[in-house]
Amino acid sequence: MYRLQYLVNFPVAARVNTVLSLRLEDGGVLPASSCHVDKENGGQPFTAAGQAILKFAGEAAVTLVSSRAFSISGAAAGDTLASLLVERIL
């Protein structure tokens with residue numbers, strides 16, 4: 001059993017309207033991992049987060065996907081804009 005968690009940091013100037021989710025390599029969205037992002041206000045930063053609990057039966061590939069394309073850049077070089085945590089719980 002694994003807990004997968006993602007964080008995506010959208011800086012102040014970012015404008016994004018999308019749905020983020022975790023997907024298995026077969027294309028199936030992991031239950032409860034979707035996060036609707038509707039950041040049209042360019043004056044506030046925003047952090048989107050989602051997670052899922054998953055039992056792997058062997059090897060599997062998991063990806064973070066967006067329903068729409070977007071591009072963001074950090075305020076400074078080296079800014080962390082996205083992270084994915086995979087934690088074995090059993």
# chains A, B, ... in the order shown; residues from 1 in each chain; ligands from 1
>>> residues_around(residues="range 56-65 of chain A", least_positions_apart="6", cutoff="6 Å", atoms="only C-alpha atoms", output="list in words")
Leu20, Ser21, Leu22, Arg23, Leu24 and Glu25 of chain A
>>> residues_around(residues="Phe70 in chain A", least_positions_apart="6", cutoff="12 Å", atoms="only C-alpha atoms", output="PDB file with N, CA, C and O atoms, in the first residue's frame")
ATOM      1  N   PHE A  10       1.220  27.488  -7.829  1.00  0.00           N
ATOM      2  CA  PHE A  10       1.002  28.459  -8.890  1.00  0.00           C
ATOM      3  C   PHE A  10       1.357  29.839  -8.351  1.00  0.00           C
ATOM      4  O   PHE A  10       0.756  30.299  -7.382  1.00  0.00           O
ATOM      5  N   ALA A  14       0.175  33.626 -12.202  1.00  0.00           N
ATOM      6  CA  ALA A  14      -0.384  32.511 -12.975  1.00  0.00           C
ATOM      7  C   ALA A  14      -1.903  32.611 -13.106  1.00  0.00           C
ATOM      8  O   ALA A  14      -2.594  32.983 -12.169  1.00  0.00           O
ATOM      9  N   ARG A  15      -2.398  32.263 -14.273  1.00  0.00           N
ATOM     10  CA  ARG A  15      -3.835  32.152 -14.541  1.00  0.00           C
ATOM     11  C   ARG A  15      -4.055  30.766 -15.138  1.00  0.00           C
ATOM     12  O   ARG A  15      -3.564  30.477 -16.226  1.00  0.00           O
ATOM     13  N   VAL A  16      -4.801  29.928 -14.408  1.00  0.00           N
ATOM     14  CA  VAL A  16      -4.953  28.523 -14.809  1.00  0.00           C
ATOM     15  C   VAL A  16      -6.382  28.073 -14.549  1.00  0.00           C
ATOM     16  O   VAL A  16      -6.971  28.400 -13.524  1.00  0.00           O
ATOM     17  N   ASN A  17      -6.934  27.298 -15.491  1.00  0.00           N
ATOM     18  CA  ASN A  17      -8.235  26.665 -15.315  1.00  0.00           C
ATOM     19  C   ASN A  17      -8.095  25.242 -15.823  1.00  0.00           C
ATOM     20  O   ASN A  17      -8.055  25.009 -17.036  1.00  0.00           O
ATOM     21  N   THR A  18      -7.992  24.278 -14.898  1.00  0.00           N
ATOM     22  CA  THR A  18      -7.727  22.892 -15.273  1.00  0.00           C
ATOM     23  C   THR A  18      -8.152  21.949 -14.156  1.00  0.00           C
ATOM     24  O   THR A  18      -8.569  22.391 -13.084  1.00  0.00           O
ATOM     25  N   VAL A  19      -8.032  20.674 -14.407  1.00  0.00           N
ATOM     26  CA  VAL A  19      -8.234  19.647 -13.385  1.00  0.00           C
ATOM     27  C   VAL A  19      -6.952  18.812 -13.339  1.00  0.00           C
ATOM     28  O   VAL A  19      -6.530  18.263 -14.363  1.00  0.00           O
ATOM     29  N   LEU A  20      -6.328  18.748 -12.180  1.00  0.00           N
ATOM     30  CA  LEU A  20      -5.138  17.927 -11.976  1.00  0.00           C
ATOM     31  C   LEU A  20      -5.568  16.592 -11.377  1.00  0.00           C
ATOM     32  O   LEU A  20      -6.490  16.555 -10.562  1.00  0.00           O
ATOM     33  N   VAL A  37      -8.683  23.331 -10.457  1.00  0.00           N
ATOM     34  CA  VAL A  37      -7.927  24.572 -10.293  1.00  0.00           C
ATOM     35  C   VAL A  37      -8.585  25.630 -11.160  1.00  0.00           C
ATOM     36  O   VAL A  37      -8.644  25.500 -12.368  1.00  0.00           O
ATOM     37  N   LYS A  39      -7.900  29.368 -11.172  1.00  0.00           N
ATOM     38  CA  LYS A  39      -7.143  30.525 -10.690  1.00  0.00           C
ATOM     39  C   LYS A  39      -7.112  31.582 -11.787  1.00  0.00           C
ATOM     40  O   LYS A  39      -6.220  31.620 -12.607  1.00  0.00           O
TER      41      LYS A  39
END
>>> atom_distance(atom1="CA of Tyr6 in chain A", atom2="CA of Leu90 in chain A")
19.6 Å
>>> residues_around(residues="Pro11 in chain A", least_positions_apart="6", cutoff="10 Å", atoms="only C-alpha atoms", output="list in words")
Gly42, Gly43, Gln44, Pro45, Phe46, Thr47, Ile72, Ser73, Gly74, Ala75, Asp79 and Leu81 of chain A
>>> closest_residue(among="A:Ala13, A:Gln5, A:Ala52, A:Arg68", to="Leu30 in chain A", atoms="only C-alpha atoms")
A:Ala52
>>> atom_distance(atom1="CA of Glu40 in chain A", atom2="CA of Gly28 in chain A")
28.3 Å
>>> atom_distance(atom1="CA of Ile53 in chain A", atom2="CA of Leu4 in chain A")
6.4 Å
>>> closest_residue(among="A:Val12, A:Ala69, A:Leu54, A:Gly27", to="Asn41 in chain A", atoms="only C-alpha atoms")
A:Val12
>>> closest_residue(among="A:Leu7, A:Ala76, A:Ala82, A:Ala49", to="Ala32 in chain A", atoms="only C-alpha atoms")
A:Ala49
>>> decode(residues="range 29-62 of chain A", atoms="N, CA, C and O atoms", output="JSON list (two decimals), in the first residue's frame")
[["chain", "number", "residue", "atom", "x", "y", "z"],
["A", 29, "VAL", "N", -7.87, 7.27, -13.84],
["A", 29, "VAL", "CA", -7.65, 8.27, -12.79],
["A", 29, "VAL", "C", -7.79, 7.60, -11.44],
["A", 29, "VAL", "O", -8.73, 6.84, -11.20],
["A", 30, "LEU", "N", -6.85, 7.87, -10.54],
["A", 30, "LEU", "CA", -6.93, 7.32, -9.19],
["A", 30, "LEU", "C", -8.03, 8.03, -8.41],
["A", 30, "LEU", "O", -8.09, 9.26, -8.41],
["A", 31, "PRO", "N", -8.91, 7.27, -7.78],
["A", 31, "PRO", "CA", -10.03, 7.87, -7.04],
["A", 31, "PRO", "C", -9.55, 8.89, -6.01],
["A", 31, "PRO", "O", -8.53, 8.69, -5.35],
["A", 32, "ALA", "N", -10.27, 9.97, -5.91],
["A", 32, "ALA", "CA", -10.03, 11.05, -4.93],
["A", 32, "ALA", "C", -8.75, 11.84, -5.18],
["A", 32, "ALA", "O", -8.35, 12.63, -4.33],
["A", 33, "SER", "N", -8.10, 11.67, -6.33],
["A", 33, "SER", "CA", -6.86, 12.41, -6.57],
["A", 33, "SER", "C", -7.06, 13.68, -7.39],
["A", 33, "SER", "O", -6.12, 14.43, -7.59],
["A", 34, "SER", "N", -8.26, 13.95, -7.84],
["A", 34, "SER", "CA", -8.52, 15.11, -8.69],
["A", 34, "SER", "C", -8.65, 16.41, -7.89],
["A", 34, "SER", "O", -9.20, 16.42, -6.80],
["A", 35, "CYS", "N", -8.09, 17.46, -8.47],
["A", 35, "CYS", "CA", -8.18, 18.79, -7.86],
["A", 35, "CYS", "C", -8.53, 19.79, -8.96],
["A", 35, "CYS", "O", -7.80, 19.93, -9.94],
["A", 36, "HIS", "N", -9.67, 20.46, -8.82],
["A", 36, "HIS", "CA", -10.09, 21.48, -9.78],
["A", 36, "HIS", "C", -9.37, 22.79, -9.47],
["A", 36, "HIS", "O", -9.43, 23.27, -8.34],
["A", 37, "VAL", "N", -8.68, 23.33, -10.46],
["A", 37, "VAL", "CA", -7.93, 24.57, -10.29],
["A", 37, "VAL", "C", -8.59, 25.63, -11.16],
["A", 37, "VAL", "O", -8.64, 25.50, -12.37],
["A", 38, "ASP", "N", -9.10, 26.66, -10.52],
["A", 38, "ASP", "CA", -9.71, 27.79, -11.24],
["A", 38, "ASP", "C", -9.09, 29.06, -10.68],
["A", 38, "ASP", "O", -9.64, 29.70, -9.81],
["A", 39, "LYS", "N", -7.90, 29.37, -11.17],
["A", 39, "LYS", "CA", -7.14, 30.53, -10.69],
["A", 39, "LYS", "C", -7.11, 31.58, -11.79],
["A", 39, "LYS", "O", -6.22, 31.62, -12.61],
["A", 40, "GLU", "N", -8.12, 32.40, -11.80],
["A", 40, "GLU", "CA", -8.20, 33.48, -12.78],
["A", 40, "GLU", "C", -7.68, 34.80, -12.21],
["A", 40, "GLU", "O", -7.41, 35.73, -12.94],
["A", 41, "ASN", "N", -7.55, 34.87, -10.90],
["A", 41, "ASN", "CA", -7.06, 36.08, -10.23],
["A", 41, "ASN", "C", -5.54, 36.07, -10.26],
["A", 41, "ASN", "O", -4.91, 35.22, -9.64],
["A", 42, "GLY", "N", -4.97, 37.03, -10.95],
["A", 42, "GLY", "CA", -3.52, 37.12, -11.03],
["A", 42, "GLY", "C", -2.87, 37.72, -9.82],
["A", 42, "GLY", "O", -1.66, 37.93, -9.80],
["A", 43, "GLY", "N", -3.61, 38.02, -8.76],
["A", 43, "GLY", "CA", -3.04, 38.71, -7.60],
["A", 43, "GLY", "C", -2.72, 37.84, -6.41],
["A", 43, "GLY", "O", -2.17, 38.32, -5.43],
["A", 44, "GLN", "N", -3.06, 36.55, -6.46],
["A", 44, "GLN", "CA", -2.83, 35.67, -5.31],
["A", 44, "GLN", "C", -2.14, 34.39, -5.76],
["A", 44, "GLN", "O", -2.48, 33.84, -6.79],
["A", 45, "PRO", "N", -1.19, 33.89, -4.96],
["A", 45, "PRO", "CA", -0.63, 32.57, -5.26],
["A", 45, "PRO", "C", -1.64, 31.49, -4.91],
["A", 45, "PRO", "O", -2.63, 31.76, -4.21],
["A", 46, "PHE", "N", -1.43, 30.28, -5.40],
["A", 46, "PHE", "CA", -2.37, 29.20, -5.16],
["A", 46, "PHE", "C", -1.61, 27.88, -5.14],
["A", 46, "PHE", "O", -0.73, 27.67, -5.96],
["A", 47, "THR", "N", -1.95, 27.00, -4.21],
["A", 47, "THR", "CA", -1.37, 25.66, -4.17],
["A", 47, "THR", "C", -2.48, 24.64, -4.35],
["A", 47, "THR", "O", -3.46, 24.65, -3.61],
["A", 48, "ALA", "N", -2.32, 23.77, -5.33],
["A", 48, "ALA", "CA", -3.26, 22.68, -5.57],
["A", 48, "ALA", "C", -2.65, 21.40, -5.01],
["A", 48, "ALA", "O", -1.44, 21.18, -5.12],
["A", 49, "ALA", "N", -3.50, 20.57, -4.40],
["A", 49, "ALA", "CA", -3.01, 19.33, -3.81],
["A", 49, "ALA", "C", -4.01, 18.21, -4.05],
["A", 49, "ALA", "O", -5.21, 18.44, -4.16],
["A", 50, "GLY", "N", -3.50, 17.00, -4.13],
["A", 50, "GLY", "CA", -4.34, 15.82, -4.25],
["A", 50, "GLY", "C", -3.57, 14.62, -3.74],
["A", 50, "GLY", "O", -2.34, 14.65, -3.65],
["A", 51, "GLN", "N", -4.31, 13.59, -3.40],
["A", 51, "GLN", "CA", -3.65, 12.37, -2.93],
["A", 51, "GLN", "C", -4.50, 11.15, -3.23],
["A", 51, "GLN", "O", -5.69, 11.27, -3.52],
["A", 52, "ALA", "N", -3.88, 9.99, -3.13],
["A", 52, "ALA", "CA", -4.58, 8.73, -3.33],
["A", 52, "ALA", "C", -3.85, 7.65, -2.54],
["A", 52, "ALA", "O", -2.65, 7.75, -2.30],
["A", 53, "ILE", "N", -4.59, 6.65, -2.13],
["A", 53, "ILE", "CA", -4.04, 5.45, -1.50],
["A", 53, "ILE", "C", -4.16, 4.34, -2.54],
["A", 53, "ILE", "O", -5.23, 4.15, -3.12],
["A", 54, "LEU", "N", -3.09, 3.62, -2.76],
["A", 54, "LEU", "CA", -3.07, 2.65, -3.84],
["A", 54, "LEU", "C", -2.32, 1.39, -3.41],
["A", 54, "LEU", "O", -1.28, 1.48, -2.76],
["A", 55, "LYS", "N", -2.86, 0.26, -3.79],
["A", 55, "LYS", "CA", -2.18, -1.02, -3.57],
["A", 55, "LYS", "C", -1.63, -1.47, -4.91],
["A", 55, "LYS", "O", -2.38, -1.70, -5.86],
["A", 56, "PHE", "N", -0.31, -1.56, -4.99],
["A", 56, "PHE", "CA", 0.34, -1.99, -6.22],
["A", 56, "PHE", "C", 0.48, -3.50, -6.22],
["A", 56, "PHE", "O", 0.87, -4.10, -5.23],
["A", 57, "ALA", "N", 0.20, -4.12, -7.33],
["A", 57, "ALA", "CA", 0.42, -5.55, -7.52],
["A", 57, "ALA", "C", 1.56, -5.69, -8.52],
["A", 57, "ALA", "O", 1.35, -6.01, -9.69],
["A", 58, "GLY", "N", 2.76, -5.38, -8.09],
["A", 58, "GLY", "CA", 3.92, -5.38, -8.98],
["A", 58, "GLY", "C", 4.30, -3.96, -9.32],
["A", 58, "GLY", "O", 4.03, -3.03, -8.57],
["A", 59, "GLU", "N", 4.91, -3.78, -10.48],
["A", 59, "GLU", "CA", 5.35, -2.46, -10.90],
["A", 59, "GLU", "C", 4.21, -1.68, -11.53],
["A", 59, "GLU", "O", 3.35, -2.26, -12.19],
["A", 60, "ALA", "N", 4.21, -0.38, -11.33],
["A", 60, "ALA", "CA", 3.19, 0.48, -11.93],
["A", 60, "ALA", "C", 3.78, 1.87, -12.12],
["A", 60, "ALA", "O", 4.63, 2.30, -11.35],
["A", 61, "ALA", "N", 3.32, 2.55, -13.14],
["A", 61, "ALA", "CA", 3.72, 3.93, -13.39],
["A", 61, "ALA", "C", 2.53, 4.84, -13.08],
["A", 61, "ALA", "O", 1.41, 4.56, -13.49],
["A", 62, "VAL", "N", 2.81, 5.88, -12.32],
["A", 62, "VAL", "CA", 1.78, 6.86, -11.97],
["A", 62, "VAL", "C", 2.26, 8.22, -12.46],
["A", 62, "VAL", "O", 3.43, 8.58, -12.29]]
